[in-house]
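See structure below.
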Amino acid sequence: MKDLRKLFSYPGPGTGVSLHNHSTWSDGASTAEEMCRAAKAAKIRVFGLSDHWVVHPDRKLMPVPWSVAPDRLDAYFGELARLKKLFEDDSFTLLAGLEADFFFENFREVLSALEKYPLDYLVGSVHYAGTFPVDNSPAEWEGLTEEAISSICREYWEKLLGAAECGAFSFLGHLDLPKKFGFVRDPEAYLPAARRVLDAAAATGTPVELNTAGWFKECREPYPSPAILREACLRRVPVVISADAHASSHVNRNFPEAQALLRQAGYPC
Ligand SMILES: [Zn+2]
Ligand SMILES: [Zn+2]
């Protein structure tokens with residue numbers, strides 16, 4: 001994988017960098033080519049596609065419909081190589097990434113299976129608590145008891161801690177994702193769990209993202225919250241701004257707002 005540290009540099013994130021984006025290879029609405037064309041038009045200098053790669057340890061859930069299909073990884077990287085040739089020039093670099101789901105049960109195998117691919121970087125994310133899909137739809141949260149919600153959140157943060165501790169990811173995705181649909185009544189209750197993740201991220205040199213997609217969901221704020229961002233800044237954890245774009249019109253959505261939020265959190269950018 002590529003050393004991307006200069007893109008995440010503390011102090012402050014580089015501008016013109018957008019590394020968390022999806023295409024029709026997983027659950028995006030635009031093709032990889034359309035995403036690249038839009039990124040170039042938006043004057044993004046370093047653009048990455050990071051389609052989902054989910055190997056759920058519960059075989060009943062496989063294949064996960066919103067992941068790159070299990071037998072399509074070669075084709076995915078082949079397409080990204082073609083797009084590098086088509087779009088790259090002095091002002092535009094395309095990086096081939098994946099957003100991989102972290103599971104304690106299989107992360108070592110998943111990581112080692114990816115070694116043979118020309119992977120530039122890997123986003124480490126958690127989308128499941130057990131078999132519960134955390135960010136799939138509000139319908140799945142409706143009717144859950146407070147106890148069930150806290151159990152989902154506890155498991156979510158434990159897994160994210162595992163992802164931070166393993167040190168294998170280029171950056172961690174959407175830290176406080178369970179708040180997405182507005183069912184977690186007091187997201188601040190998970191600040192101690194977030195601090196543990198950030199301590200581990202600082203120790204393993206794993207950056208985190210400021211993901212602007214949350215602004216457009218029921219939670220109405222980015223991932224992570226301003227409070228967690230301040231904690232990240234205290235620990236000098238590098239941050240990169242991402243759109244988590246699933247459509248070509250979103251490749252740098254709310255980046256100026258994110259930059260302002262980073263400044264408020266104490267990042268000198
Ligand atoms: Zn994600
Ligand atoms: Zn994503």
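Residue numbering restarts at 1 for every chain of the structure tokens, chains are lettered A, B, ... in their displayed order, and ligands are numbered from 1 as they appear.
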If you take only C-alpha atoms and all ligand atoms and a cut-off of 8 Å, which residues of chain A touch ligand 1, and what are their nearest atom pairs and distances in Å to one decimal, in chain and number order, as a Markdown table?
| residue | atom | partner | partner_atom_place_in_ligand_line | distance |
| --- | --- | --- | --- | --- |
| A:His52 | CA | ligand 1 | 1 (Zn) | 7.5 |
| A:Glu99 | CA | ligand 1 | 1 (Zn) | 6.8 |
| A:Ser125 | CA | ligand 1 | 1 (Zn) | 5.8 |
| A:Val126 | CA | ligand 1 | 1 (Zn) | 7.0 |
| A:His127 | CA | ligand 1 | 1 (Zn) | 6.4 |
| A:Gly173 | CA | ligand 1 | 1 (Zn) | 6.2 |
| A:His174 | CA | ligand 1 | 1 (Zn) | 6.6 |
| A:Asp244 | CA | ligand 1 | 1 (Zn) | 7.3 |
For those residues, write N, CA and C atoms to a file as a PDB file, in the first residue's frame.
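Produced file part_25.pdb, reproduced below:
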ATOM      1  N   HIS A  52     -16.892  -0.898  -1.224  1.00  0.00           N
ATOM      2  CA  HIS A  52     -16.990  -1.771  -0.052  1.00  0.00           C
ATOM      3  C   HIS A  52     -16.384  -3.144  -0.325  1.00  0.00           C
ATOM      4  N   GLU A  99     -12.970   0.028   1.036  1.00  0.00           N
ATOM      5  CA  GLU A  99     -13.441   0.228   2.405  1.00  0.00           C
ATOM      6  C   GLU A  99     -13.757  -1.162   2.947  1.00  0.00           C
ATOM      7  N   SER A 125     -13.544   0.182   8.375  1.00  0.00           N
ATOM      8  CA  SER A 125     -14.857   0.613   8.859  1.00  0.00           C
ATOM      9  C   SER A 125     -15.579  -0.534   9.549  1.00  0.00           C
ATOM     10  N   VAL A 126     -16.570  -0.151  10.342  1.00  0.00           N
ATOM     11  CA  VAL A 126     -17.461  -1.135  10.956  1.00  0.00           C
ATOM     12  C   VAL A 126     -18.876  -0.776  10.516  1.00  0.00           C
ATOM     13  N   HIS A 127     -19.581  -1.736   9.927  1.00  0.00           N
ATOM     14  CA  HIS A 127     -20.979  -1.529   9.532  1.00  0.00           C
ATOM     15  C   HIS A 127     -21.913  -2.527  10.201  1.00  0.00           C
ATOM     16  N   GLY A 173     -12.935   4.794   9.021  1.00  0.00           N
ATOM     17  CA  GLY A 173     -14.122   5.441   8.467  1.00  0.00           C
ATOM     18  C   GLY A 173     -15.128   5.820   9.549  1.00  0.00           C
ATOM     19  N   HIS A 174     -15.878   6.862   9.264  1.00  0.00           N
ATOM     20  CA  HIS A 174     -17.050   7.318  10.053  1.00  0.00           C
ATOM     21  C   HIS A 174     -17.115   6.779  11.480  1.00  0.00           C
ATOM     22  N   ASP A 244     -17.556  10.320   1.508  1.00  0.00           N
ATOM     23  CA  ASP A 244     -18.288   9.042   1.450  1.00  0.00           C
ATOM     24  C   ASP A 244     -19.314   9.132   0.313  1.00  0.00           C
TER      25      ASP A 244
END
Around ligand 2, out to 12 Å and counting only C-alpha atoms and all ligand atoms, which residues are there? I want them as a PyMOL selection string. chain A and resi 18-23+26-28+48-54+66-67+97-101+122-127+135-136+172-175+177+209+211-214+223+242-247+251
Between atom CA of Met1 of chain A and atom CA of Val134 of chain A, distance in Å (one decimal): 28.3 Å
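Every protein, DNA or RNA residue with an atom at most 6 Å from Met35 of chain A, where only C-alpha atoms count and chain neighbours fewer than 3 positions away do not, is listed here: A:Ala32, A:Ala38, A:Ser248.
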Next, the residues of the selection above should be written as a short mmCIF file (atom, residue, chain, number, x, y, z; two decimals), in the first residue's frame with N, CA and C atoms.
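The resulting again11.cif:
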data_model
loop_
_atom_site.label_atom_id
_atom_site.label_comp_id
_atom_site.auth_asym_id
_atom_site.auth_seq_id
_atom_site.Cartn_x
_atom_site.Cartn_y
_atom_site.Cartn_z
N ALA A 32 -17.49 4.08 -11.86
CA ALA A 32 -16.16 4.53 -11.44
C ALA A 32 -15.65 5.62 -12.39
N ALA A 38 -15.99 13.44 -12.47
CA ALA A 38 -16.52 14.48 -11.59
C ALA A 38 -15.43 15.01 -10.65
N SER A 248 -21.70 10.92 -8.22
CA SER A 248 -20.61 11.77 -8.72
C SER A 248 -20.76 13.23 -8.31
#
Skipping near chain neighbours, those fewer than 4 positions away, what residues fall within 7 Å of Lys40 of chain A using only C-alpha atoms, listed as a PyMOL selection string? chain A and resi 36+44+92
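Among A:Leu160, A:Val64, A:Val237, A:Leu114, the residue with the shortest atom-to-atom distance to Thr131 of chain A, counting only C-alpha atoms, is A:Val64.
Residues in contact with Arg230 of chain A at 9 Å, where only C-alpha atoms are counted and same-chain residues fewer than 2 positions away are skipped, are listed as Ser225, Pro226, Ala227, Ile228, Ala232, Cys233, Leu234, Arg235, Leu262, Gln264, Ala265, Gly266 and Tyr267 of chain A.
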Please, could you write that set of residues out with C-alpha atoms as a compact mmCIF listing (two decimals), in the first residue's frame?
# COMPACT_ATOMS: atom_id res chain seq x y z
CA SER A 225 -19.11 14.75 16.11
CA PRO A 226 -17.31 18.01 16.97
CA ALA A 227 -16.73 16.68 20.51
CA ILE A 228 -14.87 13.60 19.20
CA ALA A 232 -8.75 13.62 18.11
CA CYS A 233 -7.02 16.96 17.91
CA LEU A 234 -5.82 16.73 21.54
CA ARG A 235 -4.16 13.42 20.64
CA LEU A 262 -11.61 21.13 11.92
CA GLN A 264 -12.97 24.95 15.48
CA ALA A 265 -11.81 21.61 16.87
CA GLY A 266 -8.29 23.02 17.10
CA TYR A 267 -6.68 21.68 13.94
Select from segment 65-265 of chain A everything DSSP, run on the backbone, classes as alpha helix (DSSP H), then give the selection as an MDAnalysis selection string. chainID A and resid 73:87 107:114 146:166 191:204 226:234 255:265
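Distances from A:Leu229, A:Leu95, A:Val239, A:Ala75 to Gly205 of chain A were compared using only C-alpha atoms, and the smallest one belongs to A:Val239.
Nearest-residue note for Ser112 of chain A: choosing from A:Val17, A:Ala168, A:Glu257, A:Pro224, the minimum distance belongs to A:Ala168, counting only C-alpha atoms.
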Which residues of segment 87-124 of chain A have any atom within 9 Å of an atom in segment 55-61 of chain A when counting only C-alpha atoms, and what is the closest pair of atoms for each, with the distance in Å to one decimal? Order the rows by chain and rising number and write it as CSV.
residue,atom,partner,partner_atom,distance
A:Ala100,CA,A:Val55,CA,8.3
A:Asp101,CA,A:Val55,CA,7.3
A:Phe102,CA,A:Val55,CA,8.8
A:Phe103,CA,A:Pro57,CA,7.4
A:Glu105,CA,A:Pro57,CA,6.5
A:Asn106,CA,A:Pro57,CA,6.6
A:Phe107,CA,A:Val55,CA,8.9
A:Val110,CA,A:Val55,CA,7.3
Neighbour list for Phe132 of chain A as a list in words, cut-off 10 Å, only C-alpha atoms, skip fewer than 5 positions in-chain: His127, Glu140, Trp141 and Ile152 of chain A
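Here atom CA of Trp25 of chain A is placed at a distance of 12.0 Å from atom CA of Gly78 of chain A.
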I need the residue nearest Pro238 of chain A from this list: A:Cys153, A:Glu146, A:Lys2, A:Phe8. Use only C-alpha atoms for the distance. A:Phe8
Rounded to one decimal, what separation in Å do you get between atom CA of Arg253 of chain A and atom CA of Glu218 of chain A? 16.7 Å
May I have all residues of segment 90-190 of chain A that DSSP, computed from the backbone, assigns to strand (DSSP E or B), given as a count of residues only? 21
